[in-house]
Structure formats: structure tokens, C-alpha cells
file entry.tsv (TSV, C-alpha atoms)
chain	number	residue	atom	x	y	z
A	1	MET	CA	19.51	-13.89	1.77
A	2	LYS	CA	20.30	-11.45	4.52
A	3	ARG	CA	18.37	-8.23	4.86
A	4	ASN	CA	21.37	-6.00	4.19
A	5	THR	CA	22.19	-7.97	1.04
A	6	PHE	CA	18.64	-7.37	-0.09
A	7	TYR	CA	19.01	-3.61	0.44
A	8	LEU	CA	22.27	-3.72	-1.52
A	9	LEU	CA	20.46	-5.48	-4.35
A	10	VAL	CA	17.77	-2.78	-4.32
A	11	GLY	CA	20.48	-0.16	-4.80
A	12	ILE	CA	22.07	-2.08	-7.67
A	13	VAL	CA	18.73	-2.54	-9.41
A	14	ALA	CA	18.02	1.18	-9.01
A	15	LEU	CA	21.36	2.04	-10.61
A	16	ILE	CA	20.68	-0.34	-13.50
A	17	GLU	CA	17.26	1.25	-13.97
A	18	VAL	CA	18.88	4.70	-14.20
A	19	GLY	CA	21.23	3.36	-16.87
A	20	ILE	CA	18.38	1.84	-18.84
A	21	PHE	CA	16.44	5.08	-18.53
A	22	TRP	CA	19.37	6.92	-20.10
A	23	LEU	CA	19.63	4.29	-22.84
A	24	SER	CA	15.89	4.55	-23.42
A	25	VAL	CA	16.14	8.32	-23.87
A	26	GLU	CA	19.16	8.02	-26.19
A	27	THR	CA	17.50	5.43	-28.40
A	28	GLU	CA	14.08	7.09	-28.10
A	29	ARG	CA	12.51	3.78	-27.15
A	30	PRO	CA	10.29	4.21	-24.07
A	31	ILE	CA	9.45	0.51	-24.04
A	32	LEU	CA	12.97	-0.23	-22.78
A	33	ILE	CA	12.58	1.57	-19.46
A	34	GLN	CA	8.94	0.52	-19.11
A	35	VAL	CA	9.77	-3.18	-19.41
A	36	ALA	CA	12.93	-2.83	-17.31
A	37	PHE	CA	11.03	-1.08	-14.54
A	38	VAL	CA	8.36	-3.77	-14.34
A	39	LEU	CA	10.99	-6.53	-14.44
A	40	GLY	CA	12.99	-4.78	-11.73
A	41	VAL	CA	9.98	-4.58	-9.43
A	42	ILE	CA	9.11	-8.24	-10.06
A	43	LEU	CA	12.72	-9.25	-9.34
A	44	LEU	CA	12.79	-7.35	-6.06
A	45	TYR	CA	9.45	-8.79	-4.95
A	46	ALA	CA	10.68	-12.29	-5.74
A	47	VAL	CA	14.00	-11.82	-3.94
A	48	ARG	CA	12.32	-10.25	-0.90
A	49	ARG	CA	10.64	-13.59	-0.22
A	50	THR	CA	14.03	-15.17	0.27
A	51	VAL	CA	15.15	-12.75	2.97
A	52	GLU	CA	15.87	-14.90	6.04
A	53	GLU	CA	15.07	-12.32	8.67
A	54	ARG	CA	11.35	-11.80	8.99
A	55	MET	CA	10.34	-8.39	7.69
A	56	GLU	CA	6.55	-8.67	7.67
A	57	ASP	CA	3.85	-9.90	9.98
A	58	GLU	CA	0.25	-9.01	10.79
A	59	ARG	CA	1.21	-5.70	12.43
A	60	THR	CA	3.34	-4.50	9.51
A	61	ALA	CA	0.60	-5.64	7.11
A	62	MET	CA	-1.94	-3.55	9.01
A	63	ILE	CA	0.40	-0.56	9.01
A	64	THR	CA	0.96	-0.95	5.28
A	65	GLN	CA	-2.77	-1.15	4.59
A	66	LYS	CA	-3.61	1.92	6.64
A	67	ALA	CA	-0.71	3.92	5.23
A	68	ALA	CA	-1.63	2.91	1.67
A	69	LEU	CA	-5.25	3.93	2.12
A	70	ARG	CA	-4.40	7.29	3.68
A	71	THR	CA	-1.80	7.94	0.99
A	72	LEU	CA	-4.33	7.11	-1.71
A	73	GLU	CA	-6.95	9.40	-0.20
A	74	THR	CA	-4.59	12.32	0.28
A	75	PHE	CA	-2.78	11.90	-3.01
A	76	TRP	CA	-6.02	11.60	-4.94
A	77	VAL	CA	-7.42	14.88	-3.61
A	78	ALA	CA	-4.14	16.77	-4.04
A	79	PHE	CA	-3.51	15.42	-7.53
A	80	PHE	CA	-7.04	16.11	-8.72
A	81	ALA	CA	-6.93	19.66	-7.35
A	82	ILE	CA	-3.63	20.35	-9.14
A	83	SER	CA	-4.95	18.84	-12.35
A	84	LEU	CA	-8.07	21.00	-12.13
A	85	GLY	CA	-5.91	24.08	-11.69
A	86	SER	CA	-3.71	23.09	-14.63
A	87	ALA	CA	-6.76	22.58	-16.83
A	88	VAL	CA	-8.18	25.99	-15.93
A	89	VAL	CA	-4.85	27.74	-16.59
A	90	ALA	CA	-4.43	25.95	-19.92
A	91	PHE	CA	-7.97	26.48	-21.16
A	92	SER	CA	-7.93	30.16	-20.17
A	93	ARG	CA	-5.46	30.89	-22.96
A	94	PRO	CA	-6.55	31.98	-26.45
A	95	LEU	CA	-6.09	28.45	-27.77
A	96	GLY	CA	-8.30	27.06	-25.03
A	97	LEU	CA	-11.30	24.83	-25.29
A	98	ARG	CA	-14.23	26.49	-26.99
A	99	PRO	CA	-17.83	25.43	-27.48
A	100	PRO	CA	-18.25	22.84	-30.26
A	101	HIS	CA	-18.22	24.23	-33.79
A	102	LEU	CA	-21.58	23.56	-35.45
A	103	GLY	CA	-20.51	24.13	-39.04
A	104	PRO	CA	-19.49	21.48	-41.59
A	105	PRO	CA	-16.38	19.43	-40.74
A	106	GLY	CA	-13.11	21.03	-41.65
A	107	THR	CA	-14.44	24.58	-41.80
A	108	ALA	CA	-13.61	25.62	-38.26
A	109	PRO	CA	-10.44	27.60	-37.69
A	110	PRO	CA	-7.73	25.27	-36.39
A	111	ASP	CA	-7.05	27.42	-33.36
A	112	MET	CA	-10.61	26.94	-32.21
A	113	LEU	CA	-10.39	23.17	-32.10
A	114	GLU	CA	-6.91	22.52	-30.85
A	115	LEU	CA	-6.62	21.50	-27.23
A	116	PRO	CA	-3.62	22.98	-25.46
A	117	PHE	CA	-1.16	20.27	-24.61
A	118	ILE	CA	-1.07	21.00	-20.88
A	119	GLY	CA	-4.85	21.14	-20.72
A	120	GLY	CA	-5.14	17.82	-22.49
A	121	PHE	CA	-2.59	16.34	-20.16
A	122	ALA	CA	-4.49	17.65	-17.14
A	123	LEU	CA	-7.68	16.07	-18.47
A	124	PHE	CA	-5.79	12.83	-19.04
A	125	GLN	CA	-4.56	12.86	-15.44
A	126	MET	CA	-8.06	13.45	-14.14
A	127	ALA	CA	-9.33	10.60	-16.30
A	128	LEU	CA	-6.66	8.36	-14.76
A	129	LEU	CA	-7.74	9.43	-11.29
A	130	CYS	CA	-11.33	8.55	-12.13
A	131	LEU	CA	-10.10	5.21	-13.42
A	132	MET	CA	-8.39	4.75	-10.06
A	133	ILE	CA	-11.78	5.03	-8.34
A	134	PHE	CA	-13.16	2.24	-10.50
A	135	LEU	CA	-10.06	0.19	-9.78
A	136	TYR	CA	-10.51	0.80	-6.05
A	137	VAL	CA	-14.18	-0.21	-6.20
A	138	GLY	CA	-13.17	-3.33	-8.12
A	139	PHE	CA	-10.64	-4.30	-5.47
A	140	ARG	CA	-13.15	-3.55	-2.71
A	141	VAL	CA	-15.67	-5.88	-4.34
A	142	TYR	CA	-13.03	-8.57	-4.85
A	143	TYR	CA	-11.78	-8.52	-1.25
A	144	ALA	CA	-15.28	-8.14	0.17
A	145	ARG	CA	-16.32	-11.33	-1.66
A	146	LYS	CA	-13.12	-13.08	-0.64
A	147	TYR	CA	-13.59	-12.27	3.03
A	148	GLY	CA	-17.29	-13.06	3.12
A	149	ASP	CA	-19.07	-9.72	2.97
A	150	TRP	CA	-22.00	-11.21	1.07
A	151	ASP	CA	-22.04	-14.65	2.57
A	152	THR	CA	-25.40	-15.88	3.86
A	153	ASP	CA	-26.24	-18.48	6.47
A	154	GLU	CA	-29.29	-20.46	7.52
A	155	GLU	CA	-30.46	-17.71	9.90
A	156	GLN	CA	-31.07	-15.32	7.03
A	157	ASP	CA	-34.11	-15.45	4.76
B	1	MET	CA	-5.90	-3.85	26.45
B	2	LYS	CA	-3.23	-4.75	28.98
B	3	ASN	CA	-1.21	-7.93	28.97
B	4	ARG	CA	1.32	-9.91	30.97
B	5	ILE	CA	3.57	-11.03	28.15
B	6	LYS	CA	6.59	-9.39	29.73
B	7	VAL	CA	6.00	-11.32	32.96
B	8	TYR	CA	5.58	-14.65	31.17
B	9	ARG	CA	8.57	-13.88	29.00
B	10	ALA	CA	10.67	-13.30	32.09
B	11	MET	CA	9.35	-16.52	33.66
B	12	HIS	CA	10.46	-18.43	30.58
B	13	ASP	CA	13.72	-16.50	30.35
B	14	LEU	CA	12.96	-15.34	26.83
B	15	THR	CA	13.99	-12.19	25.01
B	16	GLN	CA	11.59	-10.32	22.76
B	17	GLU	CA	13.61	-11.54	19.79
B	18	GLY	CA	13.39	-15.14	21.02
B	19	LEU	CA	9.64	-14.98	21.53
B	20	ALA	CA	9.19	-13.29	18.18
B	21	ASN	CA	11.11	-16.06	16.44
B	22	GLU	CA	9.06	-18.72	18.21
B	23	LEU	CA	5.81	-17.06	17.15
B	24	GLY	CA	6.88	-16.09	13.64
B	25	VAL	CA	6.52	-12.35	14.06
B	26	THR	CA	8.93	-9.43	14.25
B	27	ARG	CA	10.54	-8.29	17.50
B	28	GLN	CA	8.85	-4.90	17.04
B	29	THR	CA	5.45	-6.59	17.14
B	30	ILE	CA	6.19	-8.20	20.50
B	31	LEU	CA	7.41	-4.84	21.75
B	32	ALA	CA	4.27	-3.07	20.50
B	33	ILE	CA	2.00	-5.67	22.13
B	34	GLU	CA	3.84	-5.45	25.44
B	35	LYS	CA	3.53	-1.67	25.43
B	36	GLY	CA	-0.17	-1.90	24.57
B	37	LYS	CA	0.29	-0.04	21.29
B	38	TYR	CA	-0.95	-2.94	19.19
B	39	ASP	CA	-3.66	-5.49	19.93
B	40	PRO	CA	-2.74	-8.80	18.32
B	41	SER	CA	-5.10	-10.78	16.14
B	42	LEU	CA	-7.03	-13.61	17.76
B	43	GLU	CA	-4.74	-16.08	16.04
B	44	LEU	CA	-1.59	-14.48	17.43
B	45	ALA	CA	-3.18	-14.15	20.87
B	46	PHE	CA	-3.91	-17.89	20.87
B	47	LYS	CA	-0.37	-18.60	19.69
B	48	ILE	CA	1.08	-16.56	22.54
B	49	ALA	CA	-1.18	-18.19	25.13
B	50	ARG	CA	-0.46	-21.69	23.87
B	51	PHE	CA	3.25	-21.01	23.75
B	52	PHE	CA	3.22	-20.15	27.45
B	53	GLY	CA	0.76	-22.97	28.21
B	54	VAL	CA	-1.96	-20.75	29.66
B	55	THR	CA	-5.33	-19.38	28.57
B	56	ILE	CA	-5.72	-16.13	26.69
B	57	GLU	CA	-7.40	-14.52	29.71
B	58	GLU	CA	-4.32	-15.14	31.79
B	59	ILE	CA	-2.21	-13.17	29.38
B	60	PHE	CA	-4.56	-10.53	28.02
B	61	LEU	CA	-6.69	-8.40	30.30
B	62	TYR	CA	-9.66	-6.77	28.60
B	63	GLY	CA	-11.61	-3.79	29.93
B	64	ASP	CA	-12.50	-3.98	33.65
B	65	THR	CA	-10.34	-7.04	34.20
B	66	ALA	CA	-7.33	-4.89	33.41
B	67	GLU	CA	-7.99	-2.99	36.63
B	68	ARG	CA	-7.48	-6.09	38.75
B	69	PRO	CA	-4.23	-6.21	40.74

call {"tool": "encode", "arguments": {"input": "entry.tsv", "output": "C-alpha cells"}}
result
Amino acid sequence: MKRNTFYLLVGIVALIEVGIFWLSVETERPILIQVAFVLGVILLYAVRRTVEERMEDERTAMITQKAALRTLETFWVAFFAISLGSAVVAFSRPLGLRPPHLGPPGTAPPDMLELPFIGGFALFQMALLCLMIFLYVGFRVYYARKYGDWDTDEEQD
Amino acid sequence: MKNRIKVYRAMHDLTQEGLANELGVTRQTILAIEKGKYDPSLELAFKIARFFGVTIEEIFLYGDTAERP
């Protein structure tokens, strides 16, 4: 496949995804767009391998790696800062997070226990960002083992 | 790190695109190496040297050797 044909295919897949997104909203079935998105990405990755003109080599791989790492670092800090701000704004309202109620279950006023939606969402985002750190550490360990970070030789005790 | 890829390319009457195809890299990579913006991996350096039938030192000039005329 030629490179321009590949770009054309990317556009077509994007249009189809938009259509499926609309269908997903209309039918109230989020699984539709979720599955379609993953399938679309897999399709494009598979087709990209068939592009005749070389698009990647060691230099582009290095550029991709460096760009990805910098993006991750910057995005993580910015996203976490915004989530922190959102949480503070949400929990500053009357329905915000309060200290735990020590009385018997079910006796606390409902407005004391309810987490504001935005605040809960901000916490969820921060939890995802923390999960990203674990994911990153996992990948670091995997690639470090793969490329011999912990290999030993006869010169070591 | 300086290099003489452009000279050897001219000696072999090769374009950047032609050399890139022979080595299995993109034309932009050859361009970046020639301009000294990217230092190739050892594997690619060997490929380039072997393609031109010379040693790596004849193509790539490291440190002080780059000052030689």
C-alpha cells in the first residue's frame, strides 16, 4: 500500500468512528464506540505494516521515544495539577467531603456523606494517574530485563 | 561527530534516497546524519561503511580526528 492510500484509510476510519460514536450515543451503548475504537486502532496498526515506503527507522524510533517520554512527563504534571484544583473546588462546596461520621450506619445526614460528582471524578483521574506511574515502572522493569540491565557475568561476584 | 557520507555518496553517484533505500532507512535519516544532527547506531554505521567498502573510521570522524583536514 502506498503512503497516501494509508492516510486516506486513516481518514475513512476516523469518519466511521464518528458515525459509530453517534450511534453509540443514540442507542446509549458505550461498548459500541469502545470496541470500534480499539478495532480501528488495531486495523490501522496492521495496515501500516503494509505501507511500501519506509516510514520508520532507528532515528524516527528514537524521536518517538523521546517525544513520548516528554509528553508523558508534561501531561502527567499538568493533568494532576488540574485534577487537584478540580478536587479542591468541588470539595469546597457545602456538599464537600467531610470527616468520617462516627455514629451508627445510616444515621448520618445524606448531604454529609455524598461526594460531589466533579470531586469524585477528579479523584478518579488522580487515581488513574497514579496507576500510570505503576504502569510506567512495570514497563521500565520489563524493558530493563529485556535489554540486560540486571545481567551478570563472570567478572562479578 | 563529522562524517564523509556526502563525499562517498558522490563518489558512488548515489542520491540520499538511493542510499537510504540500500540501507533500509528513510531519506531524512541520511540527511540528518550528513548534517551531523543525528549520530547513527553502531549497526547503521557499520552498514554504511560496508556499503561503501571502507572502515567506519574512514567515514565517521570522532572528536579530535574531526579536526584533521

call {"tool": "interface_residues", "arguments": {"input": "entry.tsv", "of": "chain A", "to": "chain B", "cutoff": "12 Å", "atoms": "all atoms listed in the file", "output": "short mmCIF file (atom, residue, chain, number, x, y, z; two decimals) with C-alpha atoms, keeping the file's coordinate frame"}}
result
data_model
loop_
_atom_site.label_atom_id
_atom_site.label_comp_id
_atom_site.auth_asym_id
_atom_site.auth_seq_id
_atom_site.Cartn_x
_atom_site.Cartn_y
_atom_site.Cartn_z
CA GLU A 52 15.87 -14.90 6.04
CA GLU A 53 15.07 -12.32 8.67
CA ARG A 54 11.35 -11.80 8.99
CA MET A 55 10.34 -8.39 7.69
CA GLU A 56 6.55 -8.67 7.67
CA ASP A 57 3.85 -9.90 9.98
CA GLU A 58 0.25 -9.01 10.79
CA ARG A 59 1.21 -5.70 12.43
CA THR A 60 3.34 -4.50 9.51
CA ALA A 61 0.60 -5.64 7.11
CA MET A 62 -1.94 -3.55 9.01
CA ILE A 63 0.40 -0.56 9.01
#

call {"tool": "atom_distance", "arguments": {"input": "entry.tsv", "atom1": "CA of Phe139 (chain A)", "atom2": "CA of Thr50 (chain A)"}}
result
27.6 Å

call {"tool": "atom_distance", "arguments": {"input": "entry.tsv", "atom1": "CA of Leu8 (chain A)", "atom2": "CA of Ile20 (chain A)"}}
result
18.6 Å

call {"tool": "atom_distance", "arguments": {"input": "entry.tsv", "atom1": "CA of Arg48 (chain A)", "atom2": "CA of Met1 (chain A)"}}
result
8.5 Å

call {"tool": "residues_around", "arguments": {"input": "entry.tsv", "residues": "Val47 (chain A)", "least_positions_apart": "3", "cutoff": "10 Å", "atoms": "only C-alpha atoms", "output": "PDB file with C-alpha atoms, keeping the file's coordinate frame"}}
result
ATOM      1  CA  MET A   1      19.510 -13.890   1.770  1.00  0.00           C
ATOM      2  CA  PHE A   6      18.640  -7.370  -0.090  1.00  0.00           C
ATOM      3  CA  LEU A   9      20.460  -5.480  -4.350  1.00  0.00           C
ATOM      4  CA  VAL A  10      17.770  -2.780  -4.320  1.00  0.00           C
ATOM      5  CA  VAL A  41       9.980  -4.580  -9.430  1.00  0.00           C
ATOM      6  CA  ILE A  42       9.110  -8.240 -10.060  1.00  0.00           C
ATOM      7  CA  LEU A  43      12.720  -9.250  -9.340  1.00  0.00           C
ATOM      8  CA  LEU A  44      12.790  -7.350  -6.060  1.00  0.00           C
ATOM      9  CA  THR A  50      14.030 -15.170   0.270  1.00  0.00           C
ATOM     10  CA  VAL A  51      15.150 -12.750   2.970  1.00  0.00           C
TER      11      VAL A  51
END

call {"tool": "residues_around", "arguments": {"input": "entry.tsv", "residues": "region 45-55 of chain B", "least_positions_apart": "2", "cutoff": "9 Å", "atoms": "all atoms listed in the file", "output": "MDAnalysis selection string"}}
result
chainID B and resid 5 8:9 12 19 22:23 39:43 57:60

call {"tool": "axis_aligned_box", "arguments": {"input": "entry.tsv", "around": "region 84-94 of chain A", "padding_each_side": "8 Å", "output": "AutoDock Vina command-line options"}}
result
--center_x -5.9 --center_y 26.5 --center_z -19.1 --size_x 20.5 --size_y 27.0 --size_z 30.8

call {"tool": "closest_atom_pairs", "arguments": {"input": "entry.tsv", "of": "region 17-108 of chain A", "to": "region 115-138 of chain A", "cutoff": "6 Å", "atoms": "all atoms listed in the file", "output": "Markdown table"}}
result
| residue | atom | partner | partner_atom | distance |
| --- | --- | --- | --- | --- |
| A:Ser83 | CA | A:Ala122 | CA | 5.0 |
| A:Ala87 | CA | A:Gly119 | CA | 4.6 |
| A:Ala90 | CA | A:Gly119 | CA | 4.9 |

call {"tool": "residues_around", "arguments": {"input": "entry.tsv", "residues": "Met1 (chain B)", "least_positions_apart": "6", "cutoff": "8 Å", "atoms": "all atoms listed in the file", "output": "PyMOL selection string"}}
result
chain B and resi 36+39+60-63+66

call {"tool": "build_atoms", "arguments": {"input": "entry.tsv", "residues": "region 38-53 of chain B", "atoms": "N, CA and C atoms", "output": "short mmCIF file (atom, residue, chain, number, x, y, z; two decimals), keeping the file's coordinate frame"}}
result
data_model
loop_
_atom_site.label_atom_id
_atom_site.label_comp_id
_atom_site.auth_asym_id
_atom_site.auth_seq_id
_atom_site.Cartn_x
_atom_site.Cartn_y
_atom_site.Cartn_z
N TYR B 38 -0.34 -2.12 20.25
CA TYR B 38 -0.95 -2.94 19.19
C TYR B 38 -1.65 -4.14 19.83
N ASP B 39 -2.91 -4.32 19.47
CA ASP B 39 -3.66 -5.49 19.93
C ASP B 39 -3.51 -6.60 18.90
N PRO B 40 -2.98 -7.74 19.30
CA PRO B 40 -2.74 -8.80 18.32
C PRO B 40 -4.04 -9.39 17.80
N SER B 41 -3.94 -10.08 16.67
CA SER B 41 -5.10 -10.78 16.14
C SER B 41 -5.43 -11.93 17.09
N LEU B 42 -6.63 -12.48 16.91
CA LEU B 42 -7.03 -13.61 17.76
C LEU B 42 -6.07 -14.77 17.57
N GLU B 43 -5.65 -14.97 16.33
CA GLU B 43 -4.74 -16.08 16.04
C GLU B 43 -3.42 -15.91 16.79
N LEU B 44 -2.86 -14.71 16.74
CA LEU B 44 -1.59 -14.48 17.43
C LEU B 44 -1.77 -14.55 18.94
N ALA B 45 -2.92 -14.07 19.42
CA ALA B 45 -3.18 -14.15 20.87
C ALA B 45 -3.22 -15.60 21.32
N PHE B 46 -3.87 -16.46 20.54
CA PHE B 46 -3.91 -17.89 20.87
C PHE B 46 -2.50 -18.49 20.83
N LYS B 47 -1.74 -18.08 19.81
CA LYS B 47 -0.37 -18.60 19.69
C LYS B 47 0.45 -18.25 20.92
N ILE B 48 0.32 -17.01 21.37
CA ILE B 48 1.08 -16.56 22.54
C ILE B 48 0.65 -17.35 23.77
N ALA B 49 -0.67 -17.47 23.95
CA ALA B 49 -1.18 -18.19 25.13
C ALA B 49 -0.73 -19.65 25.11
N ARG B 50 -0.85 -20.27 23.97
CA ARG B 50 -0.46 -21.69 23.87
C ARG B 50 1.03 -21.87 24.07
N PHE B 51 1.80 -20.90 23.58
CA PHE B 51 3.25 -21.01 23.75
C PHE B 51 3.61 -21.02 25.23
N PHE B 52 2.92 -20.21 26.01
CA PHE B 52 3.22 -20.15 27.45
C PHE B 52 2.41 -21.19 28.24
N GLY B 53 1.53 -21.92 27.55
CA GLY B 53 0.76 -22.97 28.21
C GLY B 53 -0.30 -22.45 29.15
#
